[in-house]
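Text of data.csv (CSV, C-alpha atoms and all ligand atoms) as supplied:
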```csv
chain,number,residue,atom,x,y,z
A,1316,MET,CA,9.7,-7.7,18.7
A,1317,VAL,CA,10.4,-7.7,15.0
A,1318,TYR,CA,8.8,-10.7,13.3
A,1319,THR,CA,9.5,-12.3,10.0
A,1320,ARG,CA,7.5,-12.8,6.8
A,1321,LYS,CA,8.6,-15.9,5.0
A,1322,ASN,CA,8.4,-17.2,1.5
A,1323,VAL,CA,5.3,-19.4,1.5
A,1324,SER,CA,7.2,-22.2,-0.3
A,1325,THR,CA,9.5,-22.6,2.8
A,1326,LEU,CA,6.7,-22.9,5.4
A,1327,THR,CA,6.7,-26.1,7.4
A,1328,SER,CA,3.5,-28.1,7.6
A,1329,ALA,CA,2.9,-26.7,11.1
A,1330,GLU,CA,3.4,-23.1,9.9
A,1331,ARG,CA,0.9,-23.7,7.1
A,1332,ARG,CA,-1.6,-25.1,9.5
A,1333,ARG,CA,-1.3,-22.2,11.9
A,1334,PHE,CA,-1.6,-19.6,9.2
A,1335,VAL,CA,-4.8,-21.3,7.8
A,1336,THR,CA,-6.3,-21.7,11.3
A,1337,ALA,CA,-5.7,-18.1,12.1
A,1338,MET,CA,-7.3,-16.9,8.8
A,1339,LEU,CA,-10.3,-19.1,9.4
A,1340,GLU,CA,-10.7,-17.7,12.9
A,1341,VAL,CA,-10.4,-14.0,11.7
A,1342,LYS,CA,-13.1,-14.9,9.2
A,1343,ARG,CA,-15.3,-16.6,11.9
A,1344,ARG,CA,-15.1,-13.5,14.1
A,1345,GLY,CA,-16.4,-11.4,11.2
A,1346,GLU,CA,-13.3,-9.3,11.0
A,1347,TYR,CA,-12.2,-10.6,7.7
A,1348,ASP,CA,-15.3,-9.3,5.8
A,1349,GLU,CA,-14.5,-5.8,7.2
A,1350,PHE,CA,-11.2,-6.0,5.3
A,1351,VAL,CA,-13.0,-7.1,2.1
A,1352,ARG,CA,-15.5,-4.2,2.5
A,1353,ARG,CA,-12.7,-1.6,3.1
A,1354,HIS,CA,-10.9,-2.7,0.0
A,1355,ILE,CA,-14.1,-2.4,-2.1
A,1356,ASP,CA,-14.7,1.0,-0.6
A,1357,TYR,CA,-11.2,2.2,-1.6
A,1358,TYR,CA,-11.5,0.8,-5.2
A,1359,VAL,CA,-11.5,4.3,-6.7
A,1360,SER,CA,-10.0,4.7,-10.2
A,1361,ASP,CA,-8.6,7.6,-12.2
A,1362,GLY,CA,-11.9,8.2,-14.0
A,1363,GLU,CA,-13.7,8.9,-10.8
A,1364,GLY,CA,-13.4,12.1,-8.8
A,1365,GLY,CA,-11.9,12.4,-5.3
A,1366,LEU,CA,-8.9,11.1,-3.6
A,1367,ARG,CA,-7.2,7.9,-4.8
A,1368,ALA,CA,-5.4,6.4,-1.8
A,1369,ALA,CA,-5.2,2.7,-2.6
A,1370,HIS,CA,-4.9,2.2,-6.4
A,1371,MET,CA,-3.7,4.1,-9.5
A,1372,ALA,CA,-1.8,6.4,-7.2
A,1373,PRO,CA,1.6,6.8,-5.5
A,1374,SER,CA,0.2,5.6,-2.1
A,1375,PHE,CA,-0.6,2.2,-3.6
A,1376,LEU,CA,2.4,0.8,-1.8
A,1377,PRO,CA,2.0,2.5,1.7
A,1378,TRP,CA,-1.8,2.0,1.6
A,1379,HIS,CA,-1.4,-1.8,1.0
A,1380,ARG,CA,1.4,-1.9,3.6
A,1381,CYS,CA,-1.0,-0.6,6.3
A,1382,PHE,CA,-3.7,-2.8,5.1
A,1383,LEU,CA,-1.5,-5.9,5.4
A,1384,LEU,CA,-0.4,-4.8,8.8
A,1385,ASP,CA,-4.0,-4.6,10.0
A,1386,LEU,CA,-4.8,-8.1,8.7
A,1387,GLU,CA,-1.5,-9.4,10.2
A,1388,ASN,CA,-2.4,-7.9,13.5
A,1389,ALA,CA,-5.8,-9.6,13.4
A,1390,LEU,CA,-4.1,-12.9,12.7
A,1391,ARG,CA,-1.6,-12.3,15.5
A,1392,ARG,CA,-4.4,-11.7,18.0
A,1393,VAL,CA,-5.4,-15.2,17.2
A,1394,ASP,CA,-1.9,-16.7,17.1
A,1395,SER,CA,1.0,-14.5,17.9
A,1396,GLY,CA,3.4,-16.8,16.0
A,1397,VAL,CA,1.7,-16.2,12.7
A,1398,SER,CA,2.7,-13.7,10.0
A,1399,VAL,CA,1.7,-13.2,6.4
A,1400,PRO,CA,3.8,-15.3,4.0
A,1401,TYR,CA,4.7,-14.0,0.6
A,1402,TRP,CA,4.2,-15.7,-2.8
A,1403,ASP,CA,7.1,-15.3,-5.1
A,1404,TRP,CA,5.3,-15.6,-8.4
A,1405,THR,CA,8.5,-15.3,-10.4
A,1406,ARG,CA,9.5,-18.7,-9.0
A,1407,ASP,CA,6.3,-20.6,-8.0
A,1408,ARG,CA,4.5,-20.4,-11.3
A,1409,THR,CA,2.3,-23.5,-11.7
A,1410,PRO,CA,-1.0,-24.6,-10.2
A,1411,ALA,CA,0.9,-27.4,-8.5
A,1412,SER,CA,3.3,-25.2,-6.6
A,1413,ALA,CA,3.0,-23.2,-3.4
A,1414,PRO,CA,0.7,-21.6,-2.3
A,1415,TRP,CA,-2.0,-23.8,-4.0
A,1416,THR,CA,-1.6,-27.0,-2.0
A,1417,ASN,CA,-4.5,-28.6,-0.2
A,1418,ASP,CA,-3.0,-27.7,3.2
A,1419,LEU,CA,-2.8,-24.0,2.3
A,1420,LEU,CA,-4.9,-22.1,-0.2
A,1421,GLY,CA,-6.3,-25.0,-2.2
A,1422,GLY,CA,-6.2,-24.9,-6.0
A,1423,ASP,CA,-7.9,-23.7,-9.2
A,1424,GLY,CA,-11.6,-23.3,-9.6
A,1425,ARG,CA,-13.5,-25.9,-11.5
A,1426,ARG,CA,-14.4,-25.3,-15.1
A,1427,SER,CA,-18.2,-25.0,-14.9
A,1428,ASP,CA,-18.5,-22.1,-12.4
A,1429,ARG,CA,-14.9,-21.4,-11.3
A,1430,GLN,CA,-15.7,-22.6,-7.8
A,1431,VAL,CA,-12.6,-23.6,-5.7
A,1432,MET,CA,-13.2,-27.2,-4.6
A,1433,THR,CA,-10.0,-28.1,-2.7
A,1434,GLY,CA,-8.3,-26.9,0.4
A,1435,PRO,CA,-9.7,-25.1,3.6
A,1436,PHE,CA,-11.2,-22.2,1.7
A,1437,ALA,CA,-13.5,-24.4,-0.5
A,1438,TYR,CA,-17.2,-23.5,0.1
A,1439,ALA,CA,-18.1,-27.0,1.0
A,1440,GLN,CA,-15.8,-26.9,4.0
A,1441,GLY,CA,-18.2,-24.5,5.5
A,1442,GLN,CA,-15.6,-21.9,6.8
A,1443,TRP,CA,-15.2,-19.6,3.9
A,1444,THR,CA,-18.5,-18.1,2.7
A,1445,ILE,CA,-18.2,-15.0,0.6
A,1446,LYS,CA,-20.3,-12.3,2.2
A,1447,GLU,CA,-18.9,-9.0,0.8
A,1448,GLY,CA,-18.8,-9.3,-2.9
A,1449,VAL,CA,-19.4,-7.2,-6.0
A,1450,THR,CA,-21.2,-10.3,-7.4
A,1451,ASP,CA,-23.6,-12.7,-5.7
A,1452,GLY,CA,-21.9,-16.1,-5.4
A,1453,ALA,CA,-21.2,-17.4,-1.9
A,1454,PHE,CA,-18.2,-19.5,-3.0
A,1455,LEU,CA,-14.6,-18.5,-3.7
A,1456,MET,CA,-13.7,-18.5,-7.4
A,1457,ARG,CA,-10.5,-18.8,-9.3
A,1458,GLU,CA,-9.6,-19.3,-13.0
A,1459,PHE,CA,-5.8,-19.8,-13.3
A,1460,GLY,CA,-4.3,-18.5,-16.5
A,1461,ARG,CA,-7.7,-17.5,-17.9
A,1462,PRO,CA,-8.0,-20.5,-20.4
A,1463,ARG,CA,-10.4,-18.6,-22.7
A,1464,LYS,CA,-7.8,-15.9,-23.3
A,1465,PRO,CA,-4.6,-17.2,-21.8
A,1466,ILE,CA,-2.4,-14.9,-19.7
A,1467,GLN,CA,1.0,-15.8,-18.1
A,1468,LEU,CA,2.3,-14.8,-14.7
A,1469,PRO,CA,4.7,-11.8,-14.8
A,1470,THR,CA,8.3,-12.8,-15.4
A,1471,LEU,CA,11.4,-12.0,-13.3
A,1472,ALA,CA,12.5,-9.8,-16.2
A,1473,SER,CA,9.4,-7.6,-16.0
A,1474,LEU,CA,9.7,-7.4,-12.2
A,1475,ASN,CA,13.4,-6.4,-12.5
A,1476,ALA,CA,12.5,-3.8,-15.1
A,1477,ALA,CA,10.2,-2.1,-12.5
A,1478,LEU,CA,12.9,-2.4,-9.8
A,1479,SER,CA,15.5,-0.8,-12.1
A,1480,ASP,CA,13.5,2.4,-12.3
A,1481,PRO,CA,15.3,4.9,-10.0
A,1482,VAL,CA,12.3,7.2,-9.5
A,1483,TYR,CA,9.4,6.3,-7.2
A,1484,ASP,CA,6.6,7.8,-9.2
A,1485,THR,CA,6.1,10.6,-11.8
A,1486,ALA,CA,3.4,12.9,-12.9
A,1487,PRO,CA,0.5,12.5,-13.5
A,1488,PHE,CA,0.8,10.0,-10.6
A,1489,ASP,CA,-2.1,7.8,-11.9
A,1490,SER,CA,-2.6,4.7,-14.1
A,1491,THR,CA,-1.3,6.5,-17.2
A,1492,THR,CA,2.1,7.2,-15.7
A,1493,ARG,CA,4.7,5.6,-17.9
A,1494,ARG,CA,7.8,5.9,-15.8
A,1495,GLY,CA,8.5,5.4,-12.1
A,1496,PHE,CA,8.7,2.3,-10.0
A,1497,ARG,CA,5.2,2.5,-8.5
A,1498,ASN,CA,3.2,2.1,-11.7
A,1499,ARG,CA,5.7,-0.3,-13.3
A,1500,LEU,CA,5.1,-2.5,-10.2
A,1501,GLU,CA,1.3,-1.8,-9.8
A,1502,GLY,CA,1.2,-2.6,-13.5
A,1503,TRP,CA,-1.2,-0.4,-15.5
A,1504,GLY,CA,0.5,-1.1,-18.8
A,1505,HIS,CA,0.1,0.7,-22.1
A,1506,GLY,CA,-0.1,-1.9,-24.7
A,1507,VAL,CA,-3.2,-3.7,-26.0
A,1508,GLY,CA,-4.7,-7.0,-24.8
A,1509,ASN,CA,-2.6,-8.8,-22.2
A,1510,ALA,CA,0.1,-6.0,-22.3
A,1511,THR,CA,-2.4,-3.9,-20.4
A,1512,TRP,CA,-1.5,-5.9,-17.3
A,1513,GLU,CA,2.0,-5.9,-15.8
A,1514,ASN,CA,3.5,-7.3,-12.6
A,1515,HIS,CA,1.0,-6.7,-9.7
A,1516,ASN,CA,-2.1,-6.4,-11.9
A,1517,ARG,CA,-1.1,-9.3,-14.1
A,1518,VAL,CA,-1.0,-11.6,-11.0
A,1519,HIS,CA,-4.6,-10.6,-10.2
A,1520,ARG,CA,-5.6,-11.4,-13.8
A,1521,TRP,CA,-3.8,-14.8,-13.8
A,1522,VAL,CA,-5.5,-16.0,-10.6
A,1523,GLY,CA,-8.8,-14.8,-11.9
A,1524,GLY,CA,-12.2,-15.2,-10.2
A,1525,HIS,CA,-12.5,-13.1,-7.1
A,1526,MET,CA,-9.0,-11.7,-7.6
A,1527,LEU,CA,-10.2,-9.7,-10.6
A,1528,GLY,CA,-11.9,-6.8,-8.9
A,1529,GLY,CA,-12.5,-4.7,-5.8
A,1530,ALA,CA,-13.5,-7.8,-3.8
A,1531,SER,CA,-10.2,-9.5,-4.5
A,1532,VAL,CA,-9.5,-9.7,-0.7
A,1533,ASN,CA,-12.0,-12.6,-0.6
A,1534,ASP,CA,-9.2,-14.8,-2.0
A,1535,PRO,CA,-6.6,-15.3,0.8
A,1536,VAL,CA,-3.9,-15.2,-1.9
A,1537,PHE,CA,-4.5,-11.5,-2.0
A,1538,TRP,CA,-2.3,-11.1,1.2
A,1539,LEU,CA,0.4,-13.4,-0.1
A,1540,HIS,CA,0.6,-11.5,-3.4
A,1541,HIS,CA,0.6,-8.2,-1.7
A,1542,ALA,CA,3.3,-9.3,0.8
A,1543,PHE,CA,5.5,-10.0,-2.2
A,1544,VAL,CA,4.6,-6.6,-3.8
A,1545,ASP,CA,5.5,-5.0,-0.4
A,1546,LEU,CA,8.8,-6.8,-0.4
A,1547,GLN,CA,9.6,-5.2,-3.8
A,1548,TRP,CA,9.3,-1.7,-2.3
A,1549,SER,CA,12.0,-2.6,0.3
A,1550,ARG,CA,14.2,-4.1,-2.5
A,1551,TRP,CA,13.8,-1.0,-4.6
A,1552,GLN,CA,14.8,1.2,-1.7
A,1553,MET,CA,17.9,-0.8,-1.2
A,1554,LEU,CA,18.7,-0.8,-4.9
A,1555,HIS,CA,18.3,3.0,-5.0
A,1556,ARG,CA,19.9,4.0,-1.7
A,1557,GLY,CA,16.7,4.8,0.2
A,1558,ALA,CA,15.1,6.8,-2.6
A,1559,PRO,CA,12.0,8.5,-1.2
A,1560,TYR,CA,8.3,8.2,-1.9
A,1561,LEU,CA,7.1,10.9,-4.3
A,1562,PRO,CA,5.5,13.4,-4.7
A,1563,GLU,CA,7.2,15.2,-1.9
A,1564,ARG,CA,4.7,18.0,-2.0
A,1565,PRO,CA,0.9,18.0,-2.8
A,1566,PRO,CA,0.1,19.1,-6.4
A,1567,GLY,CA,-1.1,22.7,-6.5
A,1568,PRO,CA,-4.6,24.0,-7.3
A,1569,GLY,CA,-4.0,24.2,-11.0
A,1570,ASP,CA,-2.9,20.6,-11.2
A,1571,SER,CA,-5.3,17.8,-12.4
A,1572,GLN,CA,-4.1,15.8,-9.4
A,1573,HIS,CA,-4.9,18.5,-6.8
A,1574,ARG,CA,-6.4,16.7,-3.8
A,1575,ARG,CA,-6.5,13.5,-5.7
A,1576,ILE,CA,-3.3,11.9,-4.4
A,1577,VAL,CA,-1.4,11.7,-1.1
A,1578,ALA,CA,1.9,13.5,-0.9
A,1579,ARG,CA,4.8,12.2,1.2
A,1580,ARG,CA,3.9,14.1,4.4
A,1581,GLU,CA,0.1,14.1,4.0
A,1582,LYS,CA,-2.2,11.9,6.0
A,1583,MET,CA,-3.3,8.8,4.2
A,1584,PRO,CA,-6.9,7.6,4.9
A,1585,PRO,CA,-8.3,5.7,6.7
A,1586,TRP,CA,-5.3,5.4,9.0
A,1587,GLY,CA,-4.2,9.1,9.1
A,1588,VAL,CA,-0.5,8.1,8.7
A,1589,THR,CA,1.9,9.6,6.2
A,1590,PRO,CA,3.6,7.7,3.4
A,1591,GLU,CA,6.8,8.9,4.9
A,1592,SER,CA,6.1,7.1,8.1
A,1593,MET,CA,5.5,3.9,6.3
A,1594,GLU,CA,8.7,3.9,4.3
A,1595,ASP,CA,10.6,1.9,6.9
A,1596,HIS,CA,9.1,-1.4,8.2
A,1597,SER,CA,12.3,-2.7,9.8
A,1598,LEU,CA,11.1,-2.1,13.4
A,1599,ILE,CA,7.9,-4.1,12.7
A,1600,TYR,CA,8.7,-7.0,10.4
A,1601,ARG,CA,11.4,-8.2,8.1
A,1602,TYR,CA,11.5,-10.5,5.1
A,1603,ALA,CA,13.3,-13.8,5.0
B,1701,CU,CU,-5.8,-3.3,-3.6
B,1702,CU,CU,-3.6,-6.0,-5.7
```

Give the structure from this file in structure tokens form.
Ligand code: CU
Ligand code: CU
Amino acid sequence: MVYTRKNVSTLTSAERRRFVTAMLEVKRRGEYDEFVRRHIDYYVSDGEGGLRAAHMAPSFLPWHRCFLLDLENALRRVDSGVSVPYWDWTRDRTPASAPWTNDLLGGDGRRSDRQVMTGPFAYAQGQWTIKEGVTDGAFLMREFGRPRKPIQLPTLASLNAALSDPVYDTAPFDSTTRRGFRNRLEGWGHGVGNATWENHNRVHRWVGGHMLGGASVNDPVFWLHHAFVDLQWSRWQMLHRGAPYLPERPPGPGDSQHRRIVARREKMPPWGVTPESMEDHSLIYRYA
């Protein structure tokens, strides 16, 4: 049965409670930290050798689509009525809005150590201890808007600029790629300072704390953010009449991206599915 992912601002209080309960149970079972570890393991950048499946690469979108489905399946083994809601950061733009309420994700970190003190994921609640991190702390951290060097959430205009690009991705298919929907959405920008971060990346920067690096999955907002990013891929396909994932074929031996990116019909690790097979989610879930 096709299920629905909803805008987090429209969830009823019962839906919010069920989502939180399922997240805490997946964490209690030890499954959640496997997701954190997997994301850290796939945090490979342009500068490193080897295949980039998850970031700075065309398969950024299908990789995170599979990753979300795995988490969603873990949630649905706990409660089959739960799905991952999405956070529309073009509309819900303040620390007082969804999803930062005390009955959902809690709010900002405190000044002294960025520790989240409110909501079910606060360390003192005893159900959300950080175990897989790139730093030591056991508590969840956030720093909304980075007060020391302020950054704003991406605007609707910048999201629409990404959506208007008719080509999925272009050479060299990495973080330096200037055209193409994928990097304009992933958001490796080309300016200086805050202009380095667009759309998807800028949201990670705005939330701050754990959302800044490879261990970003420790913040449950990771999933709500990536559900909204995933929704943009569907919107883009509709706007551009089913335009395909690119590249269609793997770069040849003389190409700097040879064996470093996943082409449309190549298998994407760790699932072994092709980007092509992930282009249509309509038989699994839909967005409301
Ligand atoms: Cu990621
Ligand atoms: Cu991300």

Need to verify the contact set: His1540 (chain A), 9 Å, all atoms listed in the file, exclusion of same-chain residues closer than 2 positions in sequence. Can you return it as a ChimeraX atom specification? /A:1400-1404,1515,1518-1519,1536-1538,1542-1545

Residue nearest Gln1430 (chain A) among A:His1541, A:Arg1499, A:His1525, A:His1573 (counting only C-alpha atoms): A:His1525

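When all atoms listed in the file are used to compute distances to Asp1407 (chain A), the closest of the residues A:Leu1339, A:Asp1484, A:Asn1322, A:Ala1603 turns out to be A:Asn1322.
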
Ligand CU 1701 (chain B) neighbours within 12 Å using all atoms listed in the file, as a CSV table (one decimal) with C-alpha atoms, in the coordinates of the input:
```csv
chain,number,residue,atom,x,y,z
A,1350,PHE,CA,-11.2,-6.0,5.3
A,1351,VAL,CA,-13.0,-7.1,2.1
A,1352,ARG,CA,-15.5,-4.2,2.5
A,1353,ARG,CA,-12.7,-1.6,3.1
A,1354,HIS,CA,-10.9,-2.7,0.0
A,1355,ILE,CA,-14.1,-2.4,-2.1
A,1356,ASP,CA,-14.7,1.0,-0.6
A,1357,TYR,CA,-11.2,2.2,-1.6
A,1358,TYR,CA,-11.5,0.8,-5.2
A,1359,VAL,CA,-11.5,4.3,-6.7
A,1360,SER,CA,-10.0,4.7,-10.2
A,1367,ARG,CA,-7.2,7.9,-4.8
A,1368,ALA,CA,-5.4,6.4,-1.8
A,1369,ALA,CA,-5.2,2.7,-2.6
A,1370,HIS,CA,-4.9,2.2,-6.4
A,1371,MET,CA,-3.7,4.1,-9.5
A,1372,ALA,CA,-1.8,6.4,-7.2
A,1374,SER,CA,0.2,5.6,-2.1
A,1375,PHE,CA,-0.6,2.2,-3.6
A,1376,LEU,CA,2.4,0.8,-1.8
A,1377,PRO,CA,2.0,2.5,1.7
A,1378,TRP,CA,-1.8,2.0,1.6
A,1379,HIS,CA,-1.4,-1.8,1.0
A,1380,ARG,CA,1.4,-1.9,3.6
A,1381,CYS,CA,-1.0,-0.6,6.3
A,1382,PHE,CA,-3.7,-2.8,5.1
A,1383,LEU,CA,-1.5,-5.9,5.4
A,1501,GLU,CA,1.3,-1.8,-9.8
A,1515,HIS,CA,1.0,-6.7,-9.7
A,1516,ASN,CA,-2.1,-6.4,-11.9
A,1519,HIS,CA,-4.6,-10.6,-10.2
A,1526,MET,CA,-9.0,-11.7,-7.6
A,1527,LEU,CA,-10.2,-9.7,-10.6
A,1528,GLY,CA,-11.9,-6.8,-8.9
A,1529,GLY,CA,-12.5,-4.7,-5.8
A,1530,ALA,CA,-13.5,-7.8,-3.8
A,1531,SER,CA,-10.2,-9.5,-4.5
A,1532,VAL,CA,-9.5,-9.7,-0.7
A,1533,ASN,CA,-12.0,-12.6,-0.6
A,1537,PHE,CA,-4.5,-11.5,-2.0
A,1538,TRP,CA,-2.3,-11.1,1.2
A,1540,HIS,CA,0.6,-11.5,-3.4
A,1541,HIS,CA,0.6,-8.2,-1.7
A,1542,ALA,CA,3.3,-9.3,0.8
A,1544,VAL,CA,4.6,-6.6,-3.8
A,1545,ASP,CA,5.5,-5.0,-0.4
```

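For the pair CA of Asp1394 (chain A) and CA of Glu1340 (chain A), the interatomic distance is 9.8 Å.
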
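CA of Arg1497 (chain A) lies 20.0 Å from CA of Asp1570 (chain A).
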
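Proximity ranking of A:Tyr1600, A:Gly1523, A:Pro1584, A:Met1316 relative to ligand CU 1702 (chain B) places A:Gly1523 first, based on all atoms listed in the file.
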
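Of note, CA of Arg1580 (chain A) and CA of Tyr1602 (chain A) are spaced 25.8 Å apart.
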
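With all atoms listed in the file as the basis for measurement, A:Asp1534 is the residue among A:Asp1361, A:Asp1418, A:Glu1387, A:Asp1534 that approaches ligand CU 1702 (chain B) most closely.
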
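Checking A:Phe1459, A:Phe1436, A:Tyr1560, A:Trp1521 one by one against ligand CU 1702 (chain B), counting only C-alpha atoms and all ligand atoms, you find the shortest gap at A:Trp1521.
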
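Minimum atom-to-atom distances from A:Val1482, A:Pro1487, A:Gly1422, A:Tyr1347 to Arg1575 (chain A) were compared using only C-alpha atoms, and the lowest value belongs to A:Pro1487.
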
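Residues with any atom within 10 Å of Lys1464 (chain A), counting only C-alpha atoms and excluding same-chain neighbours fewer than 2 positions away, are A:Gly1460, A:Arg1461, A:Pro1462, A:Ile1466, A:Gly1508, A:Asn1509.
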